[in-house]
Amino acid sequence: PRPAPGPPARTALRGSRRLKSALLASAVSVCLVAASAPAVPLGVGDRLFPHLGNPGYDVAAYDLSFTYTGSNSKPLQAVTTIDARTTTALDRINLDFAHGKVDSVDVDGEAATFTSAGEDLVITPAARLAAGNWMRVTVRHTSDPVMDGNRDGGWVRTEDGLAMANQADVAHLVFPCNDHPSDKAMFTIRVTAPNAYTAVANGLPAGVDKGGPTDPTTTWTYRTRHPMATELAQVSIGRSTVLHREGPHGLPVRDVVPTKDRAALEPWLKKTPAQITWMESKVGPYPFETYGVLMAQASTGFELETQTLSLFEKKLFTEPGYPEWYLDSIMVHELSHQWFGDSVSPRTWSDLWLNEGHATWYEALYAQEKGGHTLVARMKAAYGASDRWRAAGGPPAHPKEPTPGEKISIFRPNVYDGGALVLYALRREIGERTFEQVERDWVRDHQDSTAGTADFTRLAERVSGRDLGTFFQAWLYGRKTPPMPGHPDWRPVAPTAKE
């Protein structure tokens, strides 16, 4: 994501199935519980989110159906169907799910019993599931858009409907799932809503079905053509217009905007095809079947790279105050995530710097090339602040755990500009042409998959032909920021009294 800007004056996975077995070996054994043992929440061993995701299976596909009444303060009726392959024998199936009422669960067409444990839905099928087999789990449930207390994310209530913001760990507040980016899957999403509303989701349209004379609703269906992490799912329901245009190589570009703001937003929306062309010139072909932006009438405090349909706060583009170059660079930040974070997803949440550092890098590079705001000035400023960021949030590749009750607090400056600073140092160390080859190889080699920090460092060593172990250890894991190659005069800035 990209945090919402402050006041203007202050702004001058192709092998993903086999990845989990290595990541979660210790967690798998926990899953082999006797049917009589108490239900417990499980996890895939993520250091930052210990109970997120579940061992014992790999999801291949989700089929999500939501029925919206026209009120964004009432629960939606929903059906989630999960096709998955077991990786070990299972007496129970744990799904991440909270904040909804479960009416029934079927496993392979037979009724199953279920209970809750923490934020897990724990399902006991009628018979033990053998390893290496396909299973289909169908959950009929509600999906509540009204969140409790200080819990953020999941459904976002807009002025005219709903949108989604599931990063990092709240897709399971919307639908049952294996809510960790290491288990990407294909998605089919169906939304039934009153005829006055338009529903849009990730991927391409796969049908629009209107109800009969006594059924004033429309069902909208969308399907992805590439696997997707649960945190990147997007559903927009609102009094919206969908605008279509053509991107590079005939790419279908569609934007979702409040109908009343269509004309005011068009000067921004028409920039997207050229921005995609610019990104392709840096890292290679756009990795998905479509792209576009969703302008939501909501105050989220951030913008978000949901796959093929990035979420933005509409007010950024309709209220005066922010310079054009700055908003352009924010658009490029979310666009670049389609390569870095969406197509190549983090293996663990400790690898977040690979998402946000790259998105910040291309945001800054675009601001230099198109807006005249030099990269070196931004990186020098980041260098000055880097020691403070590391002290507050940890080094870029080993961020501190989220603040209790504030799980999105892992999105700190140490992984944004701090991550971009690592990339700047790498480019200085190995040379610009070699660095650009690393970037292209990264998104090509790991398209539609997950990858981690060790994969990136090995790639940089292979492409450069150099041992970069000492360099990466210092820049990614050091408590203090190392000297910047080629800039021996750069110094960290001591914190002020207020800090």
# chains A, B, ... in the order shown; residues from 1 in each chain; ligands from 1
>>> closest_atom_pairs(of="region 89-187 of chain A", to="region 407-411 of chain A", cutoff="10 Å", atoms="only C-alpha atoms", output="tab-separated table")
residue	atom	partner	partner_atom	distance
A:Arg151	CA	A:Lys407	CA	9.0
A:Asp152	CA	A:Ile408	CA	8.4
A:Gly153	CA	A:Ile408	CA	9.2
A:Gln167	CA	A:Ile408	CA	7.6
A:Ala168	CA	A:Ile408	CA	6.5
A:Asp169	CA	A:Lys407	CA	7.7
A:Val170	CA	A:Lys407	CA	9.5
>>> write_last_selection(atoms="C-alpha atoms", output="mmCIF file, in the first residue's frame")
data_model
loop_
_atom_site.group_PDB
_atom_site.id
_atom_site.type_symbol
_atom_site.label_atom_id
_atom_site.label_comp_id
_atom_site.auth_asym_id
_atom_site.auth_seq_id
_atom_site.Cartn_x
_atom_site.Cartn_y
_atom_site.Cartn_z
ATOM 1 C CA ARG A 151 -10.013 -3.473 13.869
ATOM 2 C CA ASP A 152 -9.230 -2.064 10.434
ATOM 3 C CA GLY A 153 -9.555 -3.535 6.977
ATOM 4 C CA GLN A 167 -3.752 -6.245 3.662
ATOM 5 C CA ALA A 168 -2.094 -7.642 5.598
ATOM 6 C CA ASP A 169 -4.158 -10.123 7.562
ATOM 7 C CA VAL A 170 -7.872 -9.351 7.281
#
>>> residues_around(residues="region 332-346 of chain A", least_positions_apart="4", cutoff="8 Å", atoms="only C-alpha atoms", output="ChimeraX atom specification")
/A:1-2,13,181-182,228-229,232,275-276,279,286-288,303-308,310,328,351-352,354-356,358-360,362-363,366,443,446-452
>>> write_last_selection(atoms="N, CA and C atoms", output="tab-separated table (two decimals), in the first residue's frame")
chain	number	residue	atom	x	y	z
A	1	PRO	N	0.83	-1.21	0.00
A	1	PRO	CA	0.00	0.00	0.00
A	1	PRO	C	0.85	1.25	0.00
A	2	ARG	N	0.23	2.36	-0.16
A	2	ARG	CA	0.92	3.64	-0.05
A	2	ARG	C	0.15	4.47	0.95
A	13	LEU	N	4.67	-16.45	-8.34
A	13	LEU	CA	5.00	-17.29	-7.50
A	13	LEU	C	4.87	-18.63	-8.21
A	181	PRO	N	0.03	-14.97	2.08
A	181	PRO	CA	0.42	-14.84	0.66
A	181	PRO	C	1.20	-16.01	0.11
A	182	SER	N	1.68	-16.92	0.97
A	182	SER	CA	2.40	-18.08	0.46
A	182	SER	C	1.49	-19.08	-0.23
A	228	MET	N	-3.68	-15.47	-7.10
A	228	MET	CA	-3.73	-14.24	-6.32
A	228	MET	C	-3.69	-14.58	-4.83
A	229	ALA	N	-3.01	-13.77	-4.07
A	229	ALA	CA	-3.03	-13.89	-2.61
A	229	ALA	C	-4.33	-13.32	-2.08
A	232	LEU	N	-4.98	-9.59	-1.59
A	232	LEU	CA	-5.10	-8.73	-2.77
A	232	LEU	C	-6.48	-8.78	-3.41
A	275	GLN	N	1.60	5.23	-18.01
A	275	GLN	CA	2.33	4.79	-16.82
A	275	GLN	C	2.68	3.30	-16.92
A	276	ILE	N	1.76	2.50	-17.47
A	276	ILE	CA	2.06	1.08	-17.68
A	276	ILE	C	3.21	0.93	-18.67
A	279	MET	N	6.45	1.64	-16.87
A	279	MET	CA	6.88	0.52	-16.03
A	279	MET	C	7.41	-0.64	-16.87
A	286	TYR	N	3.72	-6.12	-18.53
A	286	TYR	CA	2.72	-6.11	-17.46
A	286	TYR	C	2.26	-7.54	-17.21
A	287	PRO	N	2.15	-7.98	-15.94
A	287	PRO	CA	2.00	-9.41	-15.67
A	287	PRO	C	0.58	-9.97	-15.63
A	288	PHE	N	-0.45	-9.12	-15.79
A	288	PHE	CA	-1.82	-9.60	-15.61
A	288	PHE	C	-2.70	-9.35	-16.83
A	303	GLU	N	-3.52	4.00	0.13
A	303	GLU	CA	-3.91	3.50	-1.17
A	303	GLU	C	-3.43	2.05	-1.22
A	304	LEU	N	-4.02	1.20	-2.06
A	304	LEU	CA	-3.74	-0.23	-1.94
A	304	LEU	C	-3.71	-0.90	-3.31
A	305	GLU	N	-2.71	-1.80	-3.49
A	305	GLU	CA	-2.43	-2.43	-4.77
A	305	GLU	C	-3.23	-3.70	-5.02
A	306	THR	N	-4.52	-3.72	-4.73
A	306	THR	CA	-5.29	-4.93	-4.97
A	306	THR	C	-5.15	-5.36	-6.44
A	307	GLN	N	-5.00	-6.66	-6.65
A	307	GLN	CA	-4.52	-7.20	-7.93
A	307	GLN	C	-5.45	-6.85	-9.09
A	308	THR	N	-4.92	-6.22	-10.09
A	308	THR	CA	-5.56	-5.74	-11.32
A	308	THR	C	-6.49	-4.55	-11.11
A	310	SER	N	-6.31	-1.33	-8.46
A	310	SER	CA	-5.76	-0.66	-7.29
A	310	SER	C	-6.78	0.29	-6.67
A	328	ASP	N	0.85	11.67	-9.48
A	328	ASP	CA	1.30	10.75	-10.53
A	328	ASP	C	2.19	9.66	-9.94
A	351	ASP	N	9.35	-10.42	4.37
A	351	ASP	CA	9.85	-10.03	3.06
A	351	ASP	C	9.12	-8.81	2.49
A	352	LEU	N	8.39	-8.11	3.34
A	352	LEU	CA	7.58	-6.98	2.89
A	352	LEU	C	8.41	-5.90	2.20
A	354	LEU	N	10.52	-6.17	-0.01
A	354	LEU	CA	10.58	-6.42	-1.44
A	354	LEU	C	9.39	-5.81	-2.16
A	355	ASN	N	8.23	-5.78	-1.49
A	355	ASN	CA	7.05	-5.11	-2.06
A	355	ASN	C	7.21	-3.61	-2.00
A	356	GLU	N	7.33	-3.10	-0.79
A	356	GLU	CA	7.24	-1.65	-0.58
A	356	GLU	C	8.52	-0.93	-0.98
A	358	HIS	N	10.46	-1.77	-3.51
A	358	HIS	CA	10.41	-1.64	-4.97
A	358	HIS	C	9.38	-0.62	-5.41
A	359	ALA	N	8.19	-0.65	-4.81
A	359	ALA	CA	7.16	0.31	-5.21
A	359	ALA	C	7.61	1.73	-4.94
A	360	THR	N	8.29	1.95	-3.81
A	360	THR	CA	8.81	3.28	-3.49
A	360	THR	C	9.94	3.66	-4.45
A	362	TYR	N	10.29	2.77	-7.65
A	362	TYR	CA	9.77	3.19	-8.95
A	362	TYR	C	8.92	4.46	-8.84
A	363	GLU	N	8.30	4.66	-7.71
A	363	GLU	CA	7.63	5.94	-7.45
A	363	GLU	C	8.64	7.08	-7.51
A	366	TYR	N	10.08	7.56	-11.08
A	366	TYR	CA	9.10	8.24	-11.94
A	366	TYR	C	9.07	9.74	-11.61
A	443	VAL	N	11.21	-10.31	-11.74
A	443	VAL	CA	9.78	-10.40	-12.03
A	443	VAL	C	9.49	-11.48	-13.07
A	446	HIS	N	9.98	-15.18	-11.14
A	446	HIS	CA	9.05	-15.49	-10.05
A	446	HIS	C	7.61	-15.06	-10.36
A	447	GLN	N	7.31	-14.83	-11.62
A	447	GLN	CA	5.95	-14.44	-11.98
A	447	GLN	C	4.93	-15.47	-11.49
A	448	ASP	N	3.82	-14.98	-10.95
A	448	ASP	CA	2.72	-15.82	-10.48
A	448	ASP	C	3.13	-16.72	-9.32
A	449	SER	N	4.17	-16.33	-8.59
A	449	SER	CA	4.67	-17.18	-7.52
A	449	SER	C	4.95	-16.34	-6.28
A	450	THR	N	5.65	-16.95	-5.34
A	450	THR	CA	6.11	-16.23	-4.16
A	450	THR	C	7.62	-16.34	-4.09
A	451	ALA	N	8.24	-15.37	-3.46
A	451	ALA	CA	9.69	-15.38	-3.33
A	451	ALA	C	10.07	-14.56	-2.11
A	452	GLY	N	11.27	-14.82	-1.61
A	452	GLY	CA	11.72	-14.14	-0.40
A	452	GLY	C	13.04	-13.43	-0.57
>>> residues_around(residues="Pro395 (chain A)", least_positions_apart="2", cutoff="6 Å", atoms="only C-alpha atoms", output="list in words")
Arg390, Ala397, His398, Pro399, Leu476 and Tyr477 of chain A
>>> select_by_dssp(residues="region 186-372 of chain A", states="helix (DSSP H, G or I)", output="count of residues only")
70
>>> atom_distance(atom1="CA of Ala420 (chain A)", atom2="CA of Arg491 (chain A)")
17.1 Å
>>> closest_residue(among="A:Glu432, A:Glu246, A:Asp58, A:Asp148", to="Thr277 (chain A)", atoms="only C-alpha atoms")
A:Glu246
>>> closest_residue(among="A:Thr138, A:Thr230, A:Val105, A:Thr221", to="Asn166 (chain A)", atoms="only C-alpha atoms")
A:Thr230
>>> atom_distance(atom1="CA of Ser104 (chain A)", atom2="CA of Val208 (chain A)")
27.5 Å
>>> select_by_dssp(residues="region 28-92 of chain A", states="strand (DSSP E)", output="list in words")
Tyr57, Asp58, Val59, Ala60, Ala61, Tyr62, Asp63, Leu64, Ser65, Phe66, Thr67, Leu76, Gln77, Ala78, Val79, Thr80, Thr81, Ile82, Asp83, Ala84, Arg85 and Thr86 of chain A
>>> residues_around(residues="Lys101 (chain A)", least_positions_apart="3", cutoff="12 Å", atoms="only C-alpha atoms", output="list in words")
Pro75, Leu76, Gln77, Ala78, Val79, Phe97, Ala98, Ser104, Val105, Phe114, Thr115, Ser116, Leu121, Val139, Arg140, His141, Thr142, Ser143, Asp144, Leu173, Val174, Phe175 and Pro176 of chain A
>>> residues_around(residues="region 462-471 of chain A", least_positions_apart="3", cutoff="7 Å", atoms="only C-alpha atoms", output="mmCIF file with all heavy atoms, in the first residue's frame")
data_model
loop_
_atom_site.group_PDB
_atom_site.id
_atom_site.type_symbol
_atom_site.label_atom_id
_atom_site.label_comp_id
_atom_site.auth_asym_id
_atom_site.auth_seq_id
_atom_site.Cartn_x
_atom_site.Cartn_y
_atom_site.Cartn_z
ATOM 1 N N ILE A 430 26.608 -2.503 -7.765
ATOM 2 C CA ILE A 430 26.800 -3.421 -8.900
ATOM 3 C C ILE A 430 26.676 -2.738 -10.254
ATOM 4 O O ILE A 430 26.927 -3.364 -11.288
ATOM 5 C CB ILE A 430 25.822 -4.611 -8.824
ATOM 6 C CG1 ILE A 430 24.372 -4.157 -8.979
ATOM 7 C CG2 ILE A 430 26.021 -5.388 -7.532
ATOM 8 C CD1 ILE A 430 23.359 -5.301 -8.993
ATOM 9 N N THR A 434 23.546 -3.683 -14.560
ATOM 10 C CA THR A 434 23.405 -4.966 -13.869
ATOM 11 C C THR A 434 22.186 -4.950 -12.959
ATOM 12 O O THR A 434 21.427 -5.926 -12.885
ATOM 13 C CB THR A 434 24.665 -5.281 -13.060
ATOM 14 O OG1 THR A 434 25.795 -5.277 -13.931
ATOM 15 C CG2 THR A 434 24.560 -6.632 -12.376
ATOM 16 N N VAL A 438 18.859 -7.411 -12.889
ATOM 17 C CA VAL A 438 18.327 -8.087 -11.697
ATOM 18 C C VAL A 438 16.830 -7.857 -11.587
ATOM 19 O O VAL A 438 16.055 -8.800 -11.334
ATOM 20 C CB VAL A 438 19.049 -7.582 -10.431
ATOM 21 C CG1 VAL A 438 18.343 -8.089 -9.168
ATOM 22 C CG2 VAL A 438 20.508 -8.014 -10.424
ATOM 23 N N ARG A 458 20.333 -14.044 -3.829
ATOM 24 C CA ARG A 458 20.995 -15.018 -4.711
ATOM 25 C C ARG A 458 20.963 -14.570 -6.163
ATOM 26 O O ARG A 458 21.943 -14.718 -6.899
ATOM 27 C CB ARG A 458 20.321 -16.384 -4.571
ATOM 28 C CG ARG A 458 20.736 -17.160 -3.333
ATOM 29 C CD ARG A 458 20.304 -18.613 -3.425
ATOM 30 N NE ARG A 458 18.855 -18.739 -3.481
ATOM 31 C CZ ARG A 458 18.089 -18.937 -2.407
ATOM 32 N NH1 ARG A 458 18.641 -19.014 -1.206
ATOM 33 N NH2 ARG A 458 16.780 -19.056 -2.538
ATOM 34 N N LEU A 459 19.830 -14.007 -6.576
ATOM 35 C CA LEU A 459 19.721 -13.524 -7.948
ATOM 36 C C LEU A 459 20.716 -12.399 -8.207
ATOM 37 O O LEU A 459 21.392 -12.377 -9.249
ATOM 38 C CB LEU A 459 18.292 -13.047 -8.227
ATOM 39 C CG LEU A 459 18.063 -12.400 -9.590
ATOM 40 C CD1 LEU A 459 18.279 -13.411 -10.716
ATOM 41 C CD2 LEU A 459 16.648 -11.811 -9.668
ATOM 42 N N ALA A 474 24.664 -6.374 5.881
ATOM 43 C CA ALA A 474 24.685 -5.053 6.506
ATOM 44 C C ALA A 474 23.459 -4.232 6.138
ATOM 45 O O ALA A 474 22.812 -3.630 7.005
ATOM 46 C CB ALA A 474 25.966 -4.318 6.108
ATOM 47 N N TRP A 475 23.099 -4.213 4.855
ATOM 48 C CA TRP A 475 22.016 -3.356 4.412
ATOM 49 C C TRP A 475 20.631 -3.890 4.791
ATOM 50 O O TRP A 475 19.716 -3.107 5.074
ATOM 51 C CB TRP A 475 22.092 -3.150 2.896
ATOM 52 C CG TRP A 475 23.035 -2.049 2.541
ATOM 53 C CD1 TRP A 475 24.341 -2.173 2.143
ATOM 54 C CD2 TRP A 475 22.771 -0.646 2.614
ATOM 55 N NE1 TRP A 475 24.894 -0.939 1.943
ATOM 56 C CE2 TRP A 475 23.955 0.022 2.223
ATOM 57 C CE3 TRP A 475 21.659 0.107 2.953
ATOM 58 C CZ2 TRP A 475 24.045 1.411 2.175
ATOM 59 C CZ3 TRP A 475 21.743 1.504 2.893
ATOM 60 C CH2 TRP A 475 22.928 2.131 2.515
#
>>> closest_residue(among="A:Leu251, A:Ala233, A:Ala89, A:Ala117", to="Gly154 (chain A)", atoms="only C-alpha atoms")
A:Ala233
>>> closest_residue(among="A:Asp91, A:Glu439, A:Glu266, A:Asp179", to="Glu119 (chain A)", atoms="only C-alpha atoms")
A:Asp179
>>> atom_distance(atom1="CA of Pro38 (chain A)", atom2="CA of Leu90 (chain A)")
14.8 Å
>>> residues_around(residues="region 128-135 of chain A", least_positions_apart="6", cutoff="10 Å", atoms="only C-alpha atoms", output="mmCIF file with all heavy atoms, in the first residue's frame")
data_model
loop_
_atom_site.group_PDB
_atom_site.id
_atom_site.type_symbol
_atom_site.label_atom_id
_atom_site.label_comp_id
_atom_site.auth_asym_id
_atom_site.auth_seq_id
_atom_site.Cartn_x
_atom_site.Cartn_y
_atom_site.Cartn_z
ATOM 1 N N ALA A 35 -9.282 -36.447 16.478
ATOM 2 C CA ALA A 35 -10.578 -35.789 16.366
ATOM 3 C C ALA A 35 -11.129 -35.382 17.723
ATOM 4 O O ALA A 35 -11.936 -34.464 17.823
ATOM 5 C CB ALA A 35 -11.565 -36.702 15.646
ATOM 6 N N GLY A 56 -1.225 -28.122 5.952
ATOM 7 C CA GLY A 56 -1.937 -29.348 5.618
ATOM 8 C C GLY A 56 -2.610 -29.369 4.270
ATOM 9 O O GLY A 56 -3.079 -30.422 3.834
ATOM 10 N N TYR A 57 -2.654 -28.244 3.573
ATOM 11 C CA TYR A 57 -3.296 -28.217 2.260
ATOM 12 C C TYR A 57 -2.811 -27.012 1.475
ATOM 13 O O TYR A 57 -2.316 -26.033 2.044
ATOM 14 C CB TYR A 57 -4.831 -28.176 2.397
ATOM 15 C CG TYR A 57 -5.347 -26.968 3.151
ATOM 16 C CD1 TYR A 57 -5.685 -25.784 2.496
ATOM 17 C CD2 TYR A 57 -5.512 -27.001 4.540
ATOM 18 C CE1 TYR A 57 -6.157 -24.678 3.187
ATOM 19 C CE2 TYR A 57 -5.987 -25.896 5.240
ATOM 20 C CZ TYR A 57 -6.305 -24.733 4.564
ATOM 21 O OH TYR A 57 -6.768 -23.626 5.254
ATOM 22 N N ASP A 58 -2.975 -27.084 0.166
ATOM 23 C CA ASP A 58 -2.698 -25.962 -0.734
ATOM 24 C C ASP A 58 -3.977 -25.633 -1.486
ATOM 25 O O ASP A 58 -4.559 -26.504 -2.153
ATOM 26 C CB ASP A 58 -1.608 -26.321 -1.751
ATOM 27 C CG ASP A 58 -0.225 -26.320 -1.139
ATOM 28 O OD1 ASP A 58 0.074 -25.374 -0.397
ATOM 29 O OD2 ASP A 58 0.546 -27.262 -1.404
ATOM 30 N N VAL A 59 -4.403 -24.391 -1.418
ATOM 31 C CA VAL A 59 -5.619 -23.975 -2.115
ATOM 32 C C VAL A 59 -5.307 -23.763 -3.592
ATOM 33 O O VAL A 59 -4.316 -23.116 -3.953
ATOM 34 C CB VAL A 59 -6.190 -22.678 -1.506
ATOM 35 C CG1 VAL A 59 -7.430 -22.234 -2.281
ATOM 36 C CG2 VAL A 59 -6.531 -22.879 -0.029
ATOM 37 N N ALA A 60 -6.154 -24.308 -4.448
ATOM 38 C CA ALA A 60 -6.030 -24.097 -5.890
ATOM 39 C C ALA A 60 -6.977 -23.015 -6.375
ATOM 40 O O ALA A 60 -6.639 -22.259 -7.291
ATOM 41 C CB ALA A 60 -6.304 -25.390 -6.641
ATOM 42 N N ILE A 82 -13.926 -23.675 -1.602
ATOM 43 C CA ILE A 82 -12.470 -23.777 -1.694
ATOM 44 C C ILE A 82 -12.108 -25.137 -2.266
ATOM 45 O O ILE A 82 -12.511 -26.175 -1.727
ATOM 46 C CB ILE A 82 -11.818 -23.599 -0.315
ATOM 47 C CG1 ILE A 82 -12.143 -22.219 0.263
ATOM 48 C CG2 ILE A 82 -10.305 -23.799 -0.401
ATOM 49 C CD1 ILE A 82 -11.703 -22.036 1.703
ATOM 50 N N ASP A 83 -11.381 -25.152 -3.363
ATOM 51 C CA ASP A 83 -10.803 -26.376 -3.905
ATOM 52 C C ASP A 83 -9.335 -26.399 -3.531
ATOM 53 O O ASP A 83 -8.585 -25.461 -3.849
ATOM 54 C CB ASP A 83 -10.957 -26.429 -5.425
ATOM 55 C CG ASP A 83 -12.400 -26.660 -5.849
ATOM 56 O OD1 ASP A 83 -13.063 -27.521 -5.243
ATOM 57 O OD2 ASP A 83 -12.861 -25.973 -6.784
ATOM 58 N N ALA A 84 -8.927 -27.464 -2.845
ATOM 59 C CA ALA A 84 -7.555 -27.542 -2.345
ATOM 60 C C ALA A 84 -7.057 -28.975 -2.417
ATOM 61 O O ALA A 84 -7.845 -29.928 -2.484
ATOM 62 C CB ALA A 84 -7.483 -27.029 -0.909
ATOM 63 N N ARG A 85 -5.757 -29.124 -2.384
ATOM 64 C CA ARG A 85 -5.138 -30.441 -2.361
ATOM 65 C C ARG A 85 -4.474 -30.641 -1.009
ATOM 66 O O ARG A 85 -3.685 -29.796 -0.560
ATOM 67 C CB ARG A 85 -4.117 -30.572 -3.488
ATOM 68 C CG ARG A 85 -3.622 -32.007 -3.693
ATOM 69 C CD ARG A 85 -2.799 -32.106 -4.968
ATOM 70 N NE ARG A 85 -2.342 -33.475 -5.235
ATOM 71 C CZ ARG A 85 -3.060 -34.391 -5.855
ATOM 72 N NH1 ARG A 85 -4.293 -34.090 -6.283
ATOM 73 N NH2 ARG A 85 -2.593 -35.615 -6.059
ATOM 74 N N THR A 86 -4.770 -31.744 -0.366
ATOM 75 C CA THR A 86 -4.170 -32.013 0.932
ATOM 76 C C THR A 86 -2.690 -32.356 0.759
ATOM 77 O O THR A 86 -2.297 -33.051 -0.176
ATOM 78 C CB THR A 86 -4.879 -33.179 1.635
ATOM 79 O OG1 THR A 86 -4.803 -34.343 0.814
ATOM 80 C CG2 THR A 86 -6.336 -32.844 1.912
ATOM 81 N N THR A 87 -1.869 -31.847 1.668
ATOM 82 C CA THR A 87 -0.442 -32.160 1.649
ATOM 83 C C THR A 87 -0.072 -33.125 2.765
ATOM 84 O O THR A 87 1.066 -33.590 2.826
ATOM 85 C CB THR A 87 0.389 -30.875 1.790
ATOM 86 O OG1 THR A 87 0.002 -30.188 2.991
ATOM 87 C CG2 THR A 87 0.160 -29.957 0.600
ATOM 88 N N THR A 88 -1.027 -33.422 3.628
ATOM 89 C CA THR A 88 -0.870 -34.422 4.668
ATOM 90 C C THR A 88 -2.251 -34.932 5.025
ATOM 91 O O THR A 88 -3.252 -34.305 4.657
ATOM 92 C CB THR A 88 -0.162 -33.828 5.905
ATOM 93 O OG1 THR A 88 0.143 -34.854 6.842
ATOM 94 C CG2 THR A 88 -1.032 -32.787 6.577
ATOM 95 N N ALA A 89 -2.348 -36.055 5.682
ATOM 96 C CA ALA A 89 -3.656 -36.558 6.107
ATOM 97 C C ALA A 89 -4.258 -35.618 7.146
ATOM 98 O O ALA A 89 -3.552 -35.115 8.028
ATOM 99 C CB ALA A 89 -3.509 -37.963 6.686
ATOM 100 N N LEU A 90 -5.549 -35.373 7.029
ATOM 101 C CA LEU A 90 -6.206 -34.392 7.890
ATOM 102 C C LEU A 90 -7.440 -34.977 8.564
ATOM 103 O O LEU A 90 -8.338 -35.489 7.888
ATOM 104 C CB LEU A 90 -6.624 -33.158 7.071
ATOM 105 C CG LEU A 90 -5.519 -32.301 6.458
ATOM 106 C CD1 LEU A 90 -6.126 -31.206 5.588
ATOM 107 C CD2 LEU A 90 -4.639 -31.697 7.543
ATOM 108 N N ASP A 91 -7.458 -34.879 9.888
ATOM 109 C CA ASP A 91 -8.687 -35.141 10.632
ATOM 110 C C ASP A 91 -9.527 -33.874 10.714
ATOM 111 O O ASP A 91 -10.746 -33.946 10.864
ATOM 112 C CB ASP A 91 -8.368 -35.618 12.047
ATOM 113 C CG ASP A 91 -7.710 -36.983 12.060
ATOM 114 O OD1 ASP A 91 -8.335 -37.933 11.562
ATOM 115 O OD2 ASP A 91 -6.566 -37.085 12.536
ATOM 116 N N ARG A 92 -8.847 -32.745 10.651
ATOM 117 C CA ARG A 92 -9.509 -31.448 10.725
ATOM 118 C C ARG A 92 -8.913 -30.518 9.675
ATOM 119 O O ARG A 92 -7.761 -30.668 9.268
ATOM 120 C CB ARG A 92 -9.340 -30.816 12.111
ATOM 121 C CG ARG A 92 -10.174 -31.473 13.189
ATOM 122 C CD ARG A 92 -9.921 -30.803 14.515
ATOM 123 N NE ARG A 92 -10.794 -31.366 15.543
ATOM 124 C CZ ARG A 92 -10.548 -31.291 16.832
ATOM 125 N NH1 ARG A 92 -9.458 -30.684 17.261
ATOM 126 N NH2 ARG A 92 -11.386 -31.813 17.702
ATOM 127 N N ILE A 93 -9.706 -29.539 9.290
ATOM 128 C CA ILE A 93 -9.275 -28.510 8.348
ATOM 129 C C ILE A 93 -9.431 -27.166 9.045
ATOM 130 O O ILE A 93 -10.527 -26.804 9.470
ATOM 131 C CB ILE A 93 -10.142 -28.516 7.073
ATOM 132 C CG1 ILE A 93 -10.156 -29.907 6.434
ATOM 133 C CG2 ILE A 93 -9.661 -27.455 6.096
ATOM 134 C CD1 ILE A 93 -11.335 -30.115 5.513
ATOM 135 N N VAL A 107 -17.877 -30.769 3.247
ATOM 136 C CA VAL A 107 -16.582 -31.200 2.723
ATOM 137 C C VAL A 107 -16.839 -32.325 1.735
ATOM 138 O O VAL A 107 -17.398 -33.359 2.101
ATOM 139 C CB VAL A 107 -15.633 -31.665 3.844
ATOM 140 C CG1 VAL A 107 -14.317 -32.150 3.251
ATOM 141 C CG2 VAL A 107 -15.375 -30.531 4.842
ATOM 142 N N ASP A 108 -16.498 -32.098 0.499
ATOM 143 C CA ASP A 108 -16.746 -33.066 -0.577
ATOM 144 C C ASP A 108 -18.211 -33.493 -0.624
ATOM 145 O O ASP A 108 -18.536 -34.673 -0.831
ATOM 146 C CB ASP A 108 -15.835 -34.287 -0.416
ATOM 147 C CG ASP A 108 -14.370 -33.942 -0.600
ATOM 148 O OD1 ASP A 108 -14.083 -32.977 -1.340
ATOM 149 O OD2 ASP A 108 -13.509 -34.615 -0.006
ATOM 150 N N GLY A 109 -19.101 -32.512 -0.437
ATOM 151 C CA GLY A 109 -20.529 -32.761 -0.563
ATOM 152 C C GLY A 109 -21.196 -33.344 0.665
ATOM 153 O O GLY A 109 -22.423 -33.532 0.680
#
>>> closest_residue(among="A:Ser236, A:Asn178, A:Thr219, A:Thr69", to="Ala298 (chain A)", atoms="only C-alpha atoms")
A:Ser236
>>> closest_residue(among="A:Pro485, A:Pro216, A:Pro402, A:Thr374", to="Arg428 (chain A)", atoms="only C-alpha atoms")
A:Pro485
>>> residues_around(residues="Asn72 (chain A)", least_positions_apart="5", cutoff="10 Å", atoms="only C-alpha atoms", output="VMD selection string")
chain A and resid 144 to 146 155 to 162 237 to 238
